[in-house]
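Notes to accompany the following structure.
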Amino acid sequence: MIASPSSPGLAAAALIDPKALMGIRNLELRARVVVEGFWKGLHRSPYHGFSVEFTEYRQYTPGDDPRYLDWRVFARSDRYFIKKFEDETNLRCHLLVDQSRSMGYGSAGVTKAQYAATLAATLAYFLHLQGDAVGLLTFDEQVREYLPARHRTGHLRQLMLSLEKPAGGRATDLTAPIERITGLVRKRGLVAYLSDFLAPIERLEPGLTALTAAGHEVTVFQVLDPAELTLNLEQAAMFEDVESARTIYIDPVQARKEYIPRIEAHCAAVRATCQRLGISYHRISTDQPLELALFEFVQGRQRRGRLGRPGATNRS
Amino acid sequence: MSFLAPLFMLGALAIAAPIVYHLIRRTTRERTVFSSLMFLGPTPPRLTHRSRLEHWLLLLLRCLALGLLALGFARPFFRRTAPNEAATGQAKRIVVLVDASASMRRTGLWADARERVAEVLRRAGPADQVAVFTFGRQVRSVVGFEEWKAALPDARPALASQRLAALAPGWDGTHLGNALIRAAEALSDADTEAKTPPGPREIVLVGDLQAGSALDSLQAYDWPKGIALRIEALKAHNLTNAGLQLVADSPDADQRAAATVRVRVSNAADSTREQFRVGWLRADGADFAGPAVDAYVPPGQSRVMAVPVPTNAAGLQRIALRGDDEDFDNTVYVMPPEKQSLSVVYYGADAPEDSHQPLFFLQRALPDNPRLSVKASVHAPSAGLSPVERQQARLFFVTEALEAGPAAELREQLLGGKTVVFAPRSASAAATLGQLLGTAGVAVEDVQPKSYAMLSEIDFQHPLFAPFADPRYSDFTKIHVWKYRRIAAAAVPGARVIAKFDSGDPALLEIPVGKGRVLALMTGWNPEDSQLAVSSKFVPLLYEMLEYGAGLSSQAAQVSVGDPIAVPTVDAAGGTVAVRRPDGTTTTLAAGAANFTDTLQPGIYQLNVGSRTVSVAVNLDAAESRTSPLPPDQLERYGAPGAEPVRDAAREARREALMQGTEAESRQKLWRWFLGATMAVLLIESALAGWTARRQATNVTAGGISP
């Protein structure tokens with residue numbers, strides 16, 4: 001779960017309320033605001049200086065490319081070492097954004113779709129600033145938009161436009177977009193997966209497995225509405241499922257007792273699956289500032305970089 | 001405040017609906033879209049706790065609207081003492097008509113009637129004027145208006161009840177129509193005498209309202225306005241009632257049939273039994289004198305059966321029916337009919353066996369039968385009457401011109417009260433008519449119509465034609481007249497034209513001469529003149545002439561209780577007639593009385609006329625046996641006002657109150673105000689609800705944005 005605003009590294013004053021942020025109509029502008037705020041906060045953070053450049057030294061073994069020998073080390077220690085670098089220029093990040101109808105739900109002025117789009121835009125902007133190639137795939141029951149990962153002028157704008165398109169789908173089907181992305185993206189890269197994951201775990205797991213199996217580094221953002229987590233609705237009413245249009249009578253006061261353990265169990269199951277598959281999992285509530293999500297993302301990336309997880313490739 | 005339809009107040013129970021609605025309102029009104037229901041299960045609707053009852057004012061308004069609506073539908077009105085209340089206190093005139101006919105002799109009915117009358121009298125106010133009449137065939141006053149007024153108010157009901165207790169139902173028929181007319185007239189007369197504007201007037205009819213009630217007289221009566229009719233119908237204790245009536249023997253019945261008497265057994269429609277026994281009763285009335293006849297009569301039907309006369313029939317006068325619950329109509333009195341003999345004289349020159357001559361038909365039309373023997377003597381136009389004929393002959397037929405002697409003799413007979421049927425075969429007989437009438441000459445001429453003449457313009461009011469008045473028998477046009485004699489009726493003083501030919505000439509005239517009369521038939525019945533003799537009308541017409549002209553008493557008519565008994569003609573002038581009633585009492589009729597009218601009970605009446613004793617059986621009116629109740633609308637059909645049986649004073653009062661309430665309600669129309677108030681409350685409610693909803697929406701929005 002994403003850290004609360006009081007967590008070290010990000011001052012609470014610097015964070016922007018998502019509802020206020022959604023007041024900015026331009027998605028790119030929104031993303032810029034978040035990222036800039038993030039930079040400000042980052043300077044006060046103890047985790048300064050992150051890079052995807054250098055990872056480690058390795059002893060030269062015959063067969064290695066002699067071009068990557070570190071001659072300075074050799075000069076000091078008279079040993080051959082090979083310098084290993086992160087493949088920073090070729091980092092390809094694909095943003096998978098769920099735009100199904102369930103994402104259209106929002107109890108506190110911000111829908112999950114809006115939030116996810118802003119988060120995706122923020123990530124895209126951030127990565128773009130770093131010079132990484134960013135791609136986008138939006139989907140509901142089928143793939144809606146696909147932009148391959150690129151880093152070129154105008155690409156970011158196109159990506160923002162795609163994100164701004166309203167969600168129109170009804171149901172969520174993960175298989176089609178996953179198949180598509182595994183089919184299209186042969187090169188291993190980073191996949192940021194933004195969805196509410198409100199589907200049975202057995203339906204979610206194959207997709208995530210497929211993604212990791214394709215060698216991608218997967219980061220999952222489970223975007224949920226606070227009402228979905230706590231069912232803090234007052235009025236008893238006929239509840240209608242946005243995706244299936246099924247209607248049942250629910251009195252939240254009575255239903256809450258059973259609902260909260262269930263959704264928590266579901267989230268725990270998703271998290272456990274992610275852990276098992278080596279996927280970094282972040283649960284975000286739409287009332288949380290976006291900077292926190294971005295911070296989590298970067299922090300996670302940094303940790304992984306240190307651990308030398310897949311994606312860190314030899315420059316050779 | 002009172003209510004016309006208080007049941008609608010139950011609608012106010014609907015107030016519970018908004019209260020419950022306010023309690024569970026949250027269950028159904030909202031429709032919330034939620035991202036996924038996969039973690040949710042349906043929850044049962046829940047009544048929010050009482051303390052959570054929201055929107056008190058709205059609830060109050062909704063309840064008020066429903067309450068007002070219910071009140072409006074209950075049709076409220078203010079019961080005011082209406083100004084016409086005093087009018088209802090106005091003196092009421094009531095005629096209580098008590099049925100005292102024979103059918104009221106049934107078990108318990110008379111006691112019920114007296115009780116019912118007592119109740120009606122008790123209900124009468126001190127200012128009311130009441131008259132009590134009983135009726136059967138006649139209407140008899142028990143207590144008149146004047147007597148009622150003269151008595152002390154407290155003693156009035158007792159007076160009438162006592163008088164009524166002294167009475168018992170008679171034996172006569174139920175002439176209900178006459179009684180109602182009489183009562184209505186009594187009410188009208190009382191108003192006229194009092195010279196006051198007529199107040200409420202009412203006829204209370206207490207009786208069994210049997211189907212055999214005679215209502216015909218009501219048909220021609222114009223029921224006065226403002227007279228109400230109330231029926232206190234009495235219910236019979238025993239349903240089964242079979243009646244016995246004598247059926248007249250046909251005059252041409254064969255001689256063996258004389259050994260039986262035919263009776264009709266009729267069973268009332270609501271009877272429960274159908275097996276009866278009929279037979280001659282012994283003189284002491286205890287048992288049947290001979291073998292009885294079994295009679296099977298289903299309810300509502302009647303059977304005619306022959307009861308054999310026992311061999312030792314002397315002294316037997318009654319045939320009785322056994323097996324019936326009600327006894328009053330189970331006996332008929334039977335007297336062997338007396339054979340009447342009559343002497344007629346025919347003046348004419350025709351041979352008796354000549355089938356072209358009038359005499360031929362006359363003799364064959366008047367055969368001997370067990371009831372009547374007609375002795376016809378034929379005289380030549382020149383022959384005079386014998387002394388016996390002069391005394392006994394009552395009807396004379398003249399078809400030829402008479403010589404002066406016989407004509408003068410006949411005129412003498414005419415003046416003494418005899419009847420002459422003058423049917424001239426030619427105009428030459430005109431002189432004889434003149435001689436009979438005592439006028440100089442009557443112009444008569446022969447007429448031979450081109451094809452034929454018919455009888456038309458017949459005066460069916462005249463006794464001669466009265467039996468033909470029924471449309472079934474009144475067609476005389478089939479009788480073709482080939483030849484007739486024309487007479488100027490205007491030239492004959494006192495002549496009454498009874499029938500005319502279609503040409504307008506008189507066909508039959510009645511000309512009074514002294515005490516007698518001449519019936520001038522201007523065509524003959526012989527085939528040469530007309531088809532009259534071969535038509536079905538000839539014999540009945542001839543018998544009518546015998547009855548009318550020769551005083552032949554009608555044999556067919558039975559004498560019912562209340563019918564007058566015709567006193568046999570007293571030959572010796574000045575003789576008195578003593579009548580012995582069935583109960584043994586005797587009375588003497590005044591000299592010259594034609595009828596004995598005091599036949600109040602069934603039985604054998606003996607009339608002693610000079611040396612002769614004539615016994616006449618008087619029986620119950622056959623209609624009295626029809627004891628099943630009259631159809632409820634029958635009286636209305638006969639023009640009486642809508643009679644409704646009123647049994648219950650409380651119900652009457654309620655009905656009255658309801659009527660007054662309806663009137664007051666329709667005048668006040670309070671429901672409009674209630675409906676208006678409901679609308680106003682609903683408007684306020686809508687406005688308030690709208691305002692509340694808006695405020696709630698604003699609160700939600702504001703609360704949602706705030707951190």
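Labels for the structure tokens follow display order: chains A, B, ..., residues from 1 in each chain, ligands from 1.
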Counting only C-alpha atoms, give me one row per residue of chain A with an atom at most 6 Å from an atom of chain B, showing the shortest contact pair and its distance in Å to one decimal, sorted by chain then residue number, as a tab-separated table.
```
residue	atom	partner	partner_atom	distance
A:Ser102	CA	B:Ser35	CA	4.5
A:Tyr105	CA	B:Ser35	CA	5.6
A:Ala108	CA	B:Gly704	CA	6.0
A:Ala236	CA	B:Thr27	CA	5.3
A:Ala237	CA	B:Glu30	CA	4.7
A:Met238	CA	B:Arg31	CA	4.7
A:Phe239	CA	B:Thr32	CA	4.8
A:Glu240	CA	B:Val33	CA	4.7
A:Asp241	CA	B:Ser36	CA	5.2
A:Val242	CA	B:Ser35	CA	5.5
A:Ile248	CA	B:Pro42	CA	5.7
A:Tyr249	CA	B:Pro42	CA	5.4
A:Ile250	CA	B:Thr43	CA	5.1
A:Tyr259	CA	B:Phe39	CA	5.8
```
Filtering to C-alpha atoms, could you give me those residues as a PDB file, in the first residue's frame?
```pdb
ATOM      1  CA  SER A 102     -16.395   0.013 -13.170  1.00  0.00           C
ATOM      2  CA  TYR A 105     -17.271   4.934 -10.291  1.00  0.00           C
ATOM      3  CA  ALA A 108     -15.984  11.648  -3.767  1.00  0.00           C
ATOM      4  CA  ALA A 236     -29.922   2.064   1.779  1.00  0.00           C
ATOM      5  CA  ALA A 237     -30.723   1.734  -1.888  1.00  0.00           C
ATOM      6  CA  MET A 238     -31.004  -0.460  -4.875  1.00  0.00           C
ATOM      7  CA  PHE A 239     -27.373  -0.971  -5.845  1.00  0.00           C
ATOM      8  CA  GLU A 240     -26.705  -1.397  -9.498  1.00  0.00           C
ATOM      9  CA  ASP A 241     -23.584  -3.079 -10.814  1.00  0.00           C
ATOM     10  CA  VAL A 242     -22.200  -0.748 -13.496  1.00  0.00           C
ATOM     11  CA  ILE A 248     -29.883  -5.714  -5.574  1.00  0.00           C
ATOM     12  CA  TYR A 249     -31.163  -4.005  -2.519  1.00  0.00           C
ATOM     13  CA  ILE A 250     -28.415  -3.140  -0.100  1.00  0.00           C
ATOM     14  CA  TYR A 259     -18.232  -6.328   2.736  1.00  0.00           C
TER      15      TYR A 259
END
```
Neighbour list for Ile498 in chain B as a PDB file with N, CA and C atoms, in the first residue's frame, cut-off 8 Å, only C-alpha atoms, skip fewer than 4 positions in-chain:
```pdb
ATOM      1  N   ILE B 458    -122.787  -3.228 -32.552  1.00  0.00           N
ATOM      2  CA  ILE B 458    -123.574  -3.965 -31.549  1.00  0.00           C
ATOM      3  C   ILE B 458    -123.303  -3.367 -30.176  1.00  0.00           C
ATOM      4  N   ASP B 459    -124.341  -3.152 -29.432  1.00  0.00           N
ATOM      5  CA  ASP B 459    -124.214  -2.582 -28.083  1.00  0.00           C
ATOM      6  C   ASP B 459    -123.937  -3.724 -27.100  1.00  0.00           C
ATOM      7  N   HIS B 462    -125.548  -4.019 -23.571  1.00  0.00           N
ATOM      8  CA  HIS B 462    -126.905  -4.523 -23.365  1.00  0.00           C
ATOM      9  C   HIS B 462    -126.847  -5.959 -22.861  1.00  0.00           C
ATOM     10  N   PRO B 506    -131.335  -0.272 -38.352  1.00  0.00           N
ATOM     11  CA  PRO B 506    -131.395  -1.038 -37.099  1.00  0.00           C
ATOM     12  C   PRO B 506    -131.622  -2.518 -37.382  1.00  0.00           C
ATOM     13  N   ALA B 507    -130.903  -3.339 -36.633  1.00  0.00           N
ATOM     14  CA  ALA B 507    -131.071  -4.777 -36.780  1.00  0.00           C
ATOM     15  C   ALA B 507    -131.861  -5.344 -35.614  1.00  0.00           C
ATOM     16  N   LEU B 508    -131.615  -4.809 -34.422  1.00  0.00           N
ATOM     17  CA  LEU B 508    -132.339  -5.284 -33.237  1.00  0.00           C
ATOM     18  C   LEU B 508    -132.663  -4.070 -32.369  1.00  0.00           C
ATOM     19  N   LEU B 509    -133.941  -3.957 -32.048  1.00  0.00           N
ATOM     20  CA  LEU B 509    -134.385  -2.824 -31.224  1.00  0.00           C
ATOM     21  C   LEU B 509    -135.095  -3.347 -29.994  1.00  0.00           C
ATOM     22  N   GLU B 510    -134.945  -2.599 -28.940  1.00  0.00           N
ATOM     23  CA  GLU B 510    -135.727  -2.906 -27.740  1.00  0.00           C
ATOM     24  C   GLU B 510    -136.709  -1.761 -27.563  1.00  0.00           C
TER      25      GLU B 510
END
```
Which of range 69-112 of chain A DSSP labels strand (DSSP E), written as a short mmCIF file (atom, residue, chain, number, x, y, z; two decimals) with C-alpha atoms, in the first residue's frame:
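After the write, selection-v3.cif holds the following:
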```cif
data_model
loop_
_atom_site.label_atom_id
_atom_site.label_comp_id
_atom_site.auth_asym_id
_atom_site.auth_seq_id
_atom_site.Cartn_x
_atom_site.Cartn_y
_atom_site.Cartn_z
CA PHE A 81 36.95 -5.47 -14.32
CA ILE A 82 34.00 -5.07 -16.53
CA LYS A 83 31.73 -2.07 -15.73
CA LYS A 84 28.04 -2.90 -15.94
CA PHE A 85 25.43 -0.19 -16.79
CA ARG A 92 10.41 0.99 -22.55
CA CYS A 93 7.49 1.55 -20.31
CA HIS A 94 3.99 0.50 -21.28
CA LEU A 95 1.07 1.89 -19.36
CA LEU A 96 -1.91 -0.46 -19.27
CA VAL A 97 -4.94 1.61 -18.27
CA ASP A 98 -8.26 -0.05 -17.51
#
```
Margin query: Please extract the residues of range 87-281 of chain A with a backbone DSSP assignment of alpha helix (DSSP H) and present them as a PyMOL selection string.
Written below: chain A and resi 112-130+155-164+175-184+201-213+226-230+252-277
Excluding same-chain residues fewer than 2 positions from range 63-72 of chain B, what lies within 8 Å of it counting only C-alpha atoms, as a PDB file with C-alpha atoms, in the first residue's frame?
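So the final result, stored in out06.pdb, reads:
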```pdb
ATOM      1  CA  PHE B   8     -64.806   5.995   3.870  1.00  0.00           C
ATOM      2  CA  MET B   9     -63.239   7.102   7.125  1.00  0.00           C
ATOM      3  CA  LEU B  10     -61.475   3.786   7.032  1.00  0.00           C
ATOM      4  CA  GLY B  11     -59.490   5.377   4.249  1.00  0.00           C
ATOM      5  CA  ALA B  12     -57.833   7.415   6.971  1.00  0.00           C
ATOM      6  CA  ALA B  14     -53.944   4.908   4.875  1.00  0.00           C
ATOM      7  CA  ILE B  15     -52.179   7.397   7.128  1.00  0.00           C
ATOM      8  CA  PRO B  18     -46.688   7.558   4.937  1.00  0.00           C
ATOM      9  CA  ILE B  19     -45.593   6.734   8.472  1.00  0.00           C
ATOM     10  CA  LEU B  59     -44.978  13.276   7.531  1.00  0.00           C
ATOM     11  CA  LEU B  60     -47.503  15.454   9.267  1.00  0.00           C
ATOM     12  CA  LEU B  61     -48.559  17.070   6.014  1.00  0.00           C
ATOM     13  CA  ALA B  74     -66.942  10.330   4.017  1.00  0.00           C
ATOM     14  CA  ARG B  75     -69.251  13.132   2.842  1.00  0.00           C
ATOM     15  CA  PRO B  76     -69.483  15.162   6.024  1.00  0.00           C
ATOM     16  CA  LEU B 670     -68.569  20.221   2.692  1.00  0.00           C
ATOM     17  CA  TRP B 671     -66.537  17.653   0.788  1.00  0.00           C
ATOM     18  CA  ARG B 672     -65.446  20.379  -1.570  1.00  0.00           C
ATOM     19  CA  TRP B 673     -63.779  22.218   1.255  1.00  0.00           C
ATOM     20  CA  PHE B 674     -62.058  19.094   2.412  1.00  0.00           C
ATOM     21  CA  LEU B 675     -60.877  18.360  -1.082  1.00  0.00           C
ATOM     22  CA  ALA B 677     -57.813  21.667   1.866  1.00  0.00           C
ATOM     23  CA  THR B 678     -56.288  18.375   0.729  1.00  0.00           C
ATOM     24  CA  MET B 679     -55.025  20.031  -2.435  1.00  0.00           C
ATOM     25  CA  VAL B 681     -51.839  20.562   1.973  1.00  0.00           C
ATOM     26  CA  LEU B 682     -50.471  18.567  -0.940  1.00  0.00           C
TER      27      LEU B 682
END
```
Check: Residues at most 7 Å from Ala430 in chain B, counting only C-alpha atoms, excluding those fewer than 3 positions away in the same chain, as a PyMOL selection string?
Finding: chain B and resi 427+433-434+442-444
Check: At what distance in Å, to one decimal, does CA of Met104 in chain B lie from CA of Ala160 in chain B?
Finding: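 Spanning CA of Ala160 in chain B to CA of Met104 in chain B is a straight-line distance of 18.6 Å.
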Notebook entry, point to check: Could you pull the residues within 6 Å of range 588-598 of chain B, counting only C-alpha atoms, minus those fewer than 2 positions along the same chain, as a ChimeraX atom specification?
Noted result: /B:564-567,576-579,600
Close residues, range 115-121 of chain A itself excluded, 9 Å, only C-alpha atoms, min 4 positions apart in chain, as an mmCIF file with C-alpha atoms, in the first residue's frame:
```cif
data_model
loop_
_atom_site.group_PDB
_atom_site.id
_atom_site.type_symbol
_atom_site.label_atom_id
_atom_site.label_comp_id
_atom_site.auth_asym_id
_atom_site.auth_seq_id
_atom_site.Cartn_x
_atom_site.Cartn_y
_atom_site.Cartn_z
ATOM 1 C CA PRO A 18 -6.715 14.735 -6.010
ATOM 2 C CA MET A 22 -8.887 17.199 -11.106
ATOM 3 C CA LEU A 27 -4.295 16.150 -18.376
ATOM 4 C CA GLU A 28 -0.749 17.038 -19.359
ATOM 5 C CA ARG A 30 -2.078 17.896 -14.320
ATOM 6 C CA ALA A 31 0.737 15.456 -14.832
ATOM 7 C CA ARG A 32 3.258 18.276 -14.899
ATOM 8 C CA VAL A 34 2.274 16.334 -9.970
ATOM 9 C CA LEU A 95 1.069 1.888 -19.360
ATOM 10 C CA LEU A 96 -1.911 -0.456 -19.265
ATOM 11 C CA VAL A 97 -4.939 1.608 -18.269
ATOM 12 C CA ASP A 98 -8.261 -0.047 -17.515
ATOM 13 C CA GLN A 99 -11.128 2.042 -18.843
ATOM 14 C CA MET A 103 -13.572 2.475 -13.339
ATOM 15 C CA VAL A 110 -13.097 11.828 -8.545
ATOM 16 C CA THR A 111 -13.731 8.736 -10.557
ATOM 17 C CA TYR A 125 5.349 12.618 -18.164
ATOM 18 C CA PHE A 126 7.860 11.624 -15.554
ATOM 19 C CA LEU A 136 -0.011 3.260 -23.788
ATOM 20 C CA LEU A 156 3.586 12.511 -25.161
ATOM 21 C CA LEU A 159 -0.563 9.781 -25.346
ATOM 22 C CA MET A 160 -2.298 12.447 -23.290
ATOM 23 C CA LEU A 163 -5.821 9.039 -22.097
ATOM 24 C CA GLU A 164 -8.314 11.853 -22.175
ATOM 25 C CA ALA A 192 2.605 -0.250 -15.363
ATOM 26 C CA LEU A 194 -3.546 0.537 -13.680
ATOM 27 C CA SER A 195 -6.878 -1.040 -12.821
ATOM 28 C CA PHE A 221 -1.581 0.059 -9.351
ATOM 29 C CA VAL A 223 -6.957 2.116 -7.986
ATOM 30 C CA THR A 286 -8.596 7.976 -5.144
ATOM 31 C CA LEU A 290 -0.906 11.313 -6.813
ATOM 32 C CA GLU A 291 2.616 12.246 -5.741
ATOM 33 C CA ALA A 293 1.826 6.982 -6.032
ATOM 34 C CA LEU A 294 4.601 8.410 -8.140
#
```
Margin query: Please compute the CA of Ala272 in chain A-CA of Ile284 in chain A distance, one decimal, in Å.
Written below: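 Computing the Euclidean distance for CA of Ala272 in chain A and CA of Ile284 in chain A yields 16.3 Å.
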Notebook entry, point to check: Got a sec: who's within 9 Å of Ser503 in chain B, counting only C-alpha atoms, leaving out chain neighbours fewer than 6 positions off, as a PyMOL selection string?
Noted result: chain B and resi 449+453-454+456
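Using only C-alpha atoms, the nearest neighbour of Leu176 in chain B within the list B:Met335, B:Leu209, B:Leu159, B:Ala242 is B:Leu209.
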Margin query: Between CA of Gln413 in chain B and CA of Glu445 in chain B, what is the distance in Å, rounded to a tenth?
Written below: 26.6 Å
